[in-house]
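K.L.:
Input structure: target-v2.pdb, which contains PDB, N, CA and C atoms, pLDDT in the B column.
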ATOM      1  N   LEU M 573       0.751  18.465  -5.450  1.00 60.00           N
ATOM      2  CA  LEU M 573       1.253  17.303  -6.148  1.00 60.00           C
ATOM      3  C   LEU M 573       1.065  17.490  -7.641  1.00 60.00           C
ATOM      4  N   ASP M 574       2.044  17.075  -8.389  1.00 71.00           N
ATOM      5  CA  ASP M 574       2.001  17.188  -9.849  1.00 71.00           C
ATOM      6  C   ASP M 574       1.482  15.879 -10.435  1.00 71.00           C
ATOM      7  N   ALA M 575       0.298  15.920 -11.029  1.00 63.00           N
ATOM      8  CA  ALA M 575      -0.321  14.715 -11.601  1.00 63.00           C
ATOM      9  C   ALA M 575       0.508  14.125 -12.734  1.00 63.00           C
ATOM     10  N   ASP M 576       1.381  14.907 -13.321  1.00 71.00           N
ATOM     11  CA  ASP M 576       2.222  14.427 -14.419  1.00 71.00           C
ATOM     12  C   ASP M 576       3.553  13.855 -13.934  1.00 71.00           C
ATOM     13  N   ASP M 577       3.764  13.834 -12.633  1.00 83.00           N
ATOM     14  CA  ASP M 577       5.020  13.350 -12.064  1.00 83.00           C
ATOM     15  C   ASP M 577       5.061  11.821 -12.138  1.00 83.00           C
ATOM     16  N   ASP M 578       5.963  11.289 -12.961  1.00 89.00           N
ATOM     17  CA  ASP M 578       6.069   9.836 -13.120  1.00 89.00           C
ATOM     18  C   ASP M 578       6.461   9.147 -11.815  1.00 89.00           C
ATOM     19  N   ARG M 579       7.305   9.784 -11.032  1.00 88.00           N
ATOM     20  CA  ARG M 579       7.729   9.201  -9.750  1.00 88.00           C
ATOM     21  C   ARG M 579       6.517   9.025  -8.831  1.00 88.00           C
ATOM     22  N   LEU M 580       5.645  10.008  -8.801  1.00 90.00           N
ATOM     23  CA  LEU M 580       4.438   9.947  -7.986  1.00 90.00           C
ATOM     24  C   LEU M 580       3.498   8.855  -8.494  1.00 90.00           C
ATOM     25  N   ARG M 581       3.347   8.782  -9.789  1.00 91.00           N
ATOM     26  CA  ARG M 581       2.475   7.767 -10.399  1.00 91.00           C
ATOM     27  C   ARG M 581       2.979   6.354 -10.057  1.00 91.00           C
ATOM     28  N   VAL M 582       4.269   6.151 -10.162  1.00 93.00           N
ATOM     29  CA  VAL M 582       4.850   4.836  -9.850  1.00 93.00           C
ATOM     30  C   VAL M 582       4.692   4.532  -8.359  1.00 93.00           C
ATOM     31  N   ALA M 583       4.896   5.508  -7.510  1.00 93.00           N
ATOM     32  CA  ALA M 583       4.753   5.294  -6.071  1.00 93.00           C
ATOM     33  C   ALA M 583       3.331   4.863  -5.724  1.00 93.00           C
ATOM     34  N   PHE M 584       2.345   5.510  -6.319  1.00 94.00           N
ATOM     35  CA  PHE M 584       0.959   5.124  -6.041  1.00 94.00           C
ATOM     36  C   PHE M 584       0.639   3.756  -6.621  1.00 94.00           C
ATOM     37  N   LEU M 585       1.176   3.439  -7.762  1.00 95.00           N
ATOM     38  CA  LEU M 585       0.962   2.118  -8.356  1.00 95.00           C
ATOM     39  C   LEU M 585       1.539   1.029  -7.447  1.00 95.00           C
ATOM     40  N   VAL M 586       2.744   1.234  -6.968  1.00 97.00           N
ATOM     41  CA  VAL M 586       3.384   0.274  -6.070  1.00 97.00           C
ATOM     42  C   VAL M 586       2.581   0.156  -4.776  1.00 97.00           C
ATOM     43  N   ALA M 587       2.108   1.270  -4.246  1.00 97.00           N
ATOM     44  CA  ALA M 587       1.326   1.246  -3.013  1.00 97.00           C
ATOM     45  C   ALA M 587       0.027   0.462  -3.194  1.00 97.00           C
ATOM     46  N   VAL M 588      -0.681   0.721  -4.277  1.00 98.00           N
ATOM     47  CA  VAL M 588      -1.952   0.034  -4.517  1.00 98.00           C
ATOM     48  C   VAL M 588      -1.735  -1.463  -4.722  1.00 98.00           C
ATOM     49  N   GLU M 589      -0.745  -1.828  -5.520  1.00 98.00           N
ATOM     50  CA  GLU M 589      -0.490  -3.240  -5.782  1.00 98.00           C
ATOM     51  C   GLU M 589      -0.017  -3.963  -4.521  1.00 98.00           C
ATOM     52  N   SER M 590       0.789  -3.299  -3.716  1.00 98.00           N
ATOM     53  CA  SER M 590       1.253  -3.892  -2.460  1.00 98.00           C
ATOM     54  C   SER M 590       0.079  -4.103  -1.508  1.00 98.00           C
ATOM     55  N   ALA M 591      -0.744  -3.088  -1.368  1.00 98.00           N
ATOM     56  CA  ALA M 591      -1.911  -3.195  -0.498  1.00 98.00           C
ATOM     57  C   ALA M 591      -2.831  -4.314  -0.966  1.00 98.00           C
ATOM     58  N   ASP M 592      -3.047  -4.409  -2.261  1.00 98.00           N
ATOM     59  CA  ASP M 592      -3.911  -5.455  -2.803  1.00 98.00           C
ATOM     60  C   ASP M 592      -3.379  -6.840  -2.429  1.00 98.00           C
ATOM     61  N   ALA M 593      -2.106  -7.071  -2.637  1.00 98.00           N
ATOM     62  CA  ALA M 593      -1.518  -8.378  -2.339  1.00 98.00           C
ATOM     63  C   ALA M 593      -1.580  -8.693  -0.849  1.00 98.00           C
ATOM     64  N   LEU M 594      -1.260  -7.718  -0.020  1.00 98.00           N
ATOM     65  CA  LEU M 594      -1.252  -7.957   1.417  1.00 98.00           C
ATOM     66  C   LEU M 594      -2.661  -8.144   1.979  1.00 98.00           C
ATOM     67  N   LEU M 595      -3.622  -7.398   1.468  1.00 98.00           N
ATOM     68  CA  LEU M 595      -4.991  -7.572   1.955  1.00 98.00           C
ATOM     69  C   LEU M 595      -5.590  -8.886   1.467  1.00 98.00           C
ATOM     70  N   ARG M 596      -5.198  -9.331   0.289  1.00 98.00           N
ATOM     71  CA  ARG M 596      -5.618 -10.663  -0.151  1.00 98.00           C
ATOM     72  C   ARG M 596      -5.078 -11.722   0.817  1.00 98.00           C
ATOM     73  N   LEU M 597      -3.823 -11.554   1.229  1.00 98.00           N
ATOM     74  CA  LEU M 597      -3.226 -12.463   2.211  1.00 98.00           C
ATOM     75  C   LEU M 597      -4.010 -12.422   3.514  1.00 98.00           C
ATOM     76  N   ALA M 598      -4.308 -11.229   3.999  1.00 98.00           N
ATOM     77  CA  ALA M 598      -5.037 -11.084   5.263  1.00 98.00           C
ATOM     78  C   ALA M 598      -6.368 -11.818   5.227  1.00 98.00           C
ATOM     79  N   PHE M 599      -7.074 -11.738   4.102  1.00 98.00           N
ATOM     80  CA  PHE M 599      -8.381 -12.383   4.007  1.00 98.00           C
ATOM     81  C   PHE M 599      -8.280 -13.862   3.632  1.00 98.00           C
ATOM     82  N   ARG M 600      -7.148 -14.266   3.126  1.00 98.00           N
ATOM     83  CA  ARG M 600      -6.916 -15.685   2.903  1.00 98.00           C
ATOM     84  C   ARG M 600      -6.645 -16.384   4.243  1.00 98.00           C
ATOM     85  N   LEU M 601      -5.948 -15.688   5.139  1.00 98.00           N
ATOM     86  CA  LEU M 601      -5.615 -16.255   6.444  1.00 98.00           C
ATOM     87  C   LEU M 601      -6.805 -16.261   7.398  1.00 98.00           C
ATOM     88  N   ASP M 602      -7.673 -15.268   7.246  1.00 98.00           N
ATOM     89  CA  ASP M 602      -8.824 -15.127   8.143  1.00 98.00           C
ATOM     90  C   ASP M 602      -9.959 -14.504   7.342  1.00 98.00           C
ATOM     91  N   PRO M 603     -11.097 -15.185   7.252  1.00 97.00           N
ATOM     92  CA  PRO M 603     -12.204 -14.652   6.450  1.00 97.00           C
ATOM     93  C   PRO M 603     -12.642 -13.236   6.857  1.00 97.00           C
ATOM     94  N   ALA M 604     -12.375 -12.849   8.099  1.00 97.00           N
ATOM     95  CA  ALA M 604     -12.703 -11.503   8.554  1.00 97.00           C
ATOM     96  C   ALA M 604     -11.549 -10.526   8.314  1.00 97.00           C
ATOM     97  N   GLY M 605     -10.438 -11.015   7.824  1.00 98.00           N
ATOM     98  CA  GLY M 605      -9.253 -10.183   7.613  1.00 98.00           C
ATOM     99  C   GLY M 605      -8.360 -10.238   8.828  1.00 98.00           C
ATOM    100  N   ASP M 606      -7.207 -10.875   8.683  1.00 98.00           N
ATOM    101  CA  ASP M 606      -6.270 -10.995   9.806  1.00 98.00           C
ATOM    102  C   ASP M 606      -5.874  -9.592  10.278  1.00 98.00           C
ATOM    103  N   PRO M 607      -6.219  -9.225  11.515  1.00 98.00           N
ATOM    104  CA  PRO M 607      -5.963  -7.856  11.974  1.00 98.00           C
ATOM    105  C   PRO M 607      -4.484  -7.483  12.024  1.00 98.00           C
ATOM    106  N   THR M 608      -3.624  -8.444  12.269  1.00 98.00           N
ATOM    107  CA  THR M 608      -2.190  -8.145  12.305  1.00 98.00           C
ATOM    108  C   THR M 608      -1.685  -7.800  10.911  1.00 98.00           C
ATOM    109  N   ILE M 609      -2.096  -8.561   9.912  1.00 98.00           N
ATOM    110  CA  ILE M 609      -1.675  -8.284   8.537  1.00 98.00           C
ATOM    111  C   ILE M 609      -2.248  -6.947   8.064  1.00 98.00           C
ATOM    112  N   VAL M 610      -3.500  -6.676   8.404  1.00 98.00           N
ATOM    113  CA  VAL M 610      -4.124  -5.400   8.021  1.00 98.00           C
ATOM    114  C   VAL M 610      -3.365  -4.242   8.666  1.00 98.00           C
ATOM    115  N   SER M 611      -3.047  -4.376   9.935  1.00 98.00           N
ATOM    116  CA  SER M 611      -2.310  -3.327  10.646  1.00 98.00           C
ATOM    117  C   SER M 611      -0.920  -3.108  10.040  1.00 98.00           C
ATOM    118  N   GLU M 612      -0.226  -4.191   9.749  1.00 98.00           N
ATOM    119  CA  GLU M 612       1.106  -4.079   9.145  1.00 98.00           C
ATOM    120  C   GLU M 612       1.031  -3.474   7.738  1.00 98.00           C
ATOM    121  N   THR M 613      -0.015  -3.778   7.019  1.00 98.00           N
ATOM    122  CA  THR M 613      -0.200  -3.194   5.686  1.00 98.00           C
ATOM    123  C   THR M 613      -0.342  -1.682   5.793  1.00 98.00           C
ATOM    124  N   LYS M 614      -1.139  -1.232   6.742  1.00 98.00           N
ATOM    125  CA  LYS M 614      -1.306   0.212   6.953  1.00 98.00           C
ATOM    126  C   LYS M 614       0.028   0.879   7.288  1.00 98.00           C
ATOM    127  N   ALA M 615       0.783   0.259   8.189  1.00 98.00           N
ATOM    128  CA  ALA M 615       2.077   0.825   8.591  1.00 98.00           C
ATOM    129  C   ALA M 615       3.040   0.884   7.405  1.00 98.00           C
ATOM    130  N   LEU M 616       3.058  -0.187   6.622  1.00 98.00           N
ATOM    131  CA  LEU M 616       3.937  -0.236   5.455  1.00 98.00           C
ATOM    132  C   LEU M 616       3.582   0.875   4.455  1.00 98.00           C
ATOM    133  N   LEU M 617       2.300   1.025   4.177  1.00 97.00           N
ATOM    134  CA  LEU M 617       1.873   2.047   3.214  1.00 97.00           C
ATOM    135  C   LEU M 617       2.163   3.458   3.709  1.00 97.00           C
ATOM    136  N   ARG M 618       1.905   3.695   4.983  1.00 97.00           N
ATOM    137  CA  ARG M 618       2.199   5.025   5.536  1.00 97.00           C
ATOM    138  C   ARG M 618       3.682   5.358   5.397  1.00 97.00           C
ATOM    139  N   ALA M 619       4.524   4.409   5.778  1.00 96.00           N
ATOM    140  CA  ALA M 619       5.970   4.648   5.721  1.00 96.00           C
ATOM    141  C   ALA M 619       6.439   4.833   4.276  1.00 96.00           C
ATOM    142  N   TYR M 620       5.933   3.991   3.383  1.00 96.00           N
ATOM    143  CA  TYR M 620       6.340   4.075   1.985  1.00 96.00           C
ATOM    144  C   TYR M 620       5.884   5.392   1.348  1.00 96.00           C
ATOM    145  N   LEU M 621       4.625   5.729   1.538  1.00 95.00           N
ATOM    146  CA  LEU M 621       4.102   6.945   0.915  1.00 95.00           C
ATOM    147  C   LEU M 621       4.626   8.226   1.564  1.00 95.00           C
ATOM    148  N   ALA M 622       5.036   8.155   2.810  1.00 95.00           N
ATOM    149  CA  ALA M 622       5.602   9.323   3.472  1.00 95.00           C
ATOM    150  C   ALA M 622       6.843   9.819   2.748  1.00 95.00           C
ATOM    151  N   ARG M 623       7.612   8.900   2.176  1.00 91.00           N
ATOM    152  CA  ARG M 623       8.814   9.287   1.418  1.00 91.00           C
ATOM    153  C   ARG M 623       8.444  10.158   0.233  1.00 91.00           C
ATOM    154  N   THR M 624       7.333   9.840  -0.402  1.00 85.00           N
ATOM    155  CA  THR M 624       6.914  10.522  -1.618  1.00 85.00           C
ATOM    156  C   THR M 624       6.126  11.790  -1.318  1.00 85.00           C
ATOM    157  N   LEU M 625       5.314  11.764  -0.267  1.00 84.00           N
ATOM    158  CA  LEU M 625       4.411  12.861  -0.013  1.00 84.00           C
ATOM    159  C   LEU M 625       4.955  13.935   0.906  1.00 84.00           C
ATOM    160  N   ASP M 626       6.089  13.683   1.537  1.00 76.00           N
ATOM    161  CA  ASP M 626       6.667  14.704   2.427  1.00 76.00           C
ATOM    162  C   ASP M 626       7.201  15.864   1.646  1.00 76.00           C
TER     163      ASP M 626
END
Starting from the coordinates I provided, produce the structure as structure tokens.
P.N.:
Amino acid sequence: LDADDDRLRVAFLVAVESADALLRLAFRLDPAGDPTIVSETKALLRAYLARTLD
């Protein structure tokens, strides 16, 4: 991976911000973290980052 790749930098920024928002939702819905939201967040991040990291 090229650390200077702007596309990669943006992809990771979007992934981190998306995960942050979704995990905040999961813990807002359930103090222990809603397992369905956590699971969907993982699936979303894997699918999104797979485009960039393949």
K.L.:
Using only N, CA and C atoms, which protein or nucleic acid residues come within 8 Å of stretch 584-591 of chain M? Drop anything in the same chain fewer than 2 positions from it, and give the result as JSON, numbers by chain.
P.N.:
{"M": [578, 579, 580, 581, 582, 593, 594, 595, 596, 597, 613, 614, 616, 617, 620, 621]}
K.L.:
As an exercise, work out the distance from atom CA of M:Ala583 to atom CA of M:Ala615 in Å and give it to one decimal place.
P.N.:
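Taking atom CA of M:Ala583 as the start and atom CA of M:Ala615 as the end point, the length is 15.6 Å.
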K.L.:
Quick one: 6 Å padding each side, axis-aligned, all listed atoms of stretch 609-626 of chain M - centre and edge lengths in Å to one decimal, as JSON?
P.N.:
{"center_x": 2.3, "center_y": 3.7, "center_z": 4.5, "size_x": 24.9, "size_y": 36.4, "size_z": 24.3}
K.L.:
Among chain M, which residues does DSSP mark as alpha helix (DSSP H) when it is run on the backbone? Keep the chain and numbering as in the structure and answer as a PyMOL selection string.
P.N.:
chain M and resi 578-601+607-625
K.L.:
In Å, with one decimal, what is the gap from atom N of M:Val610 to atom N of M:Ala622?
P.N.:
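If I compute the distance from atom N of M:Val610 to atom N of M:Ala622, I get 18.0 Å.
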K.L.:
If you measure from atom CA of M:Asp592 to atom N of M:Asp626, what distance in Å do you get, rounded to one decimal?
P.N.:
22.0 Å
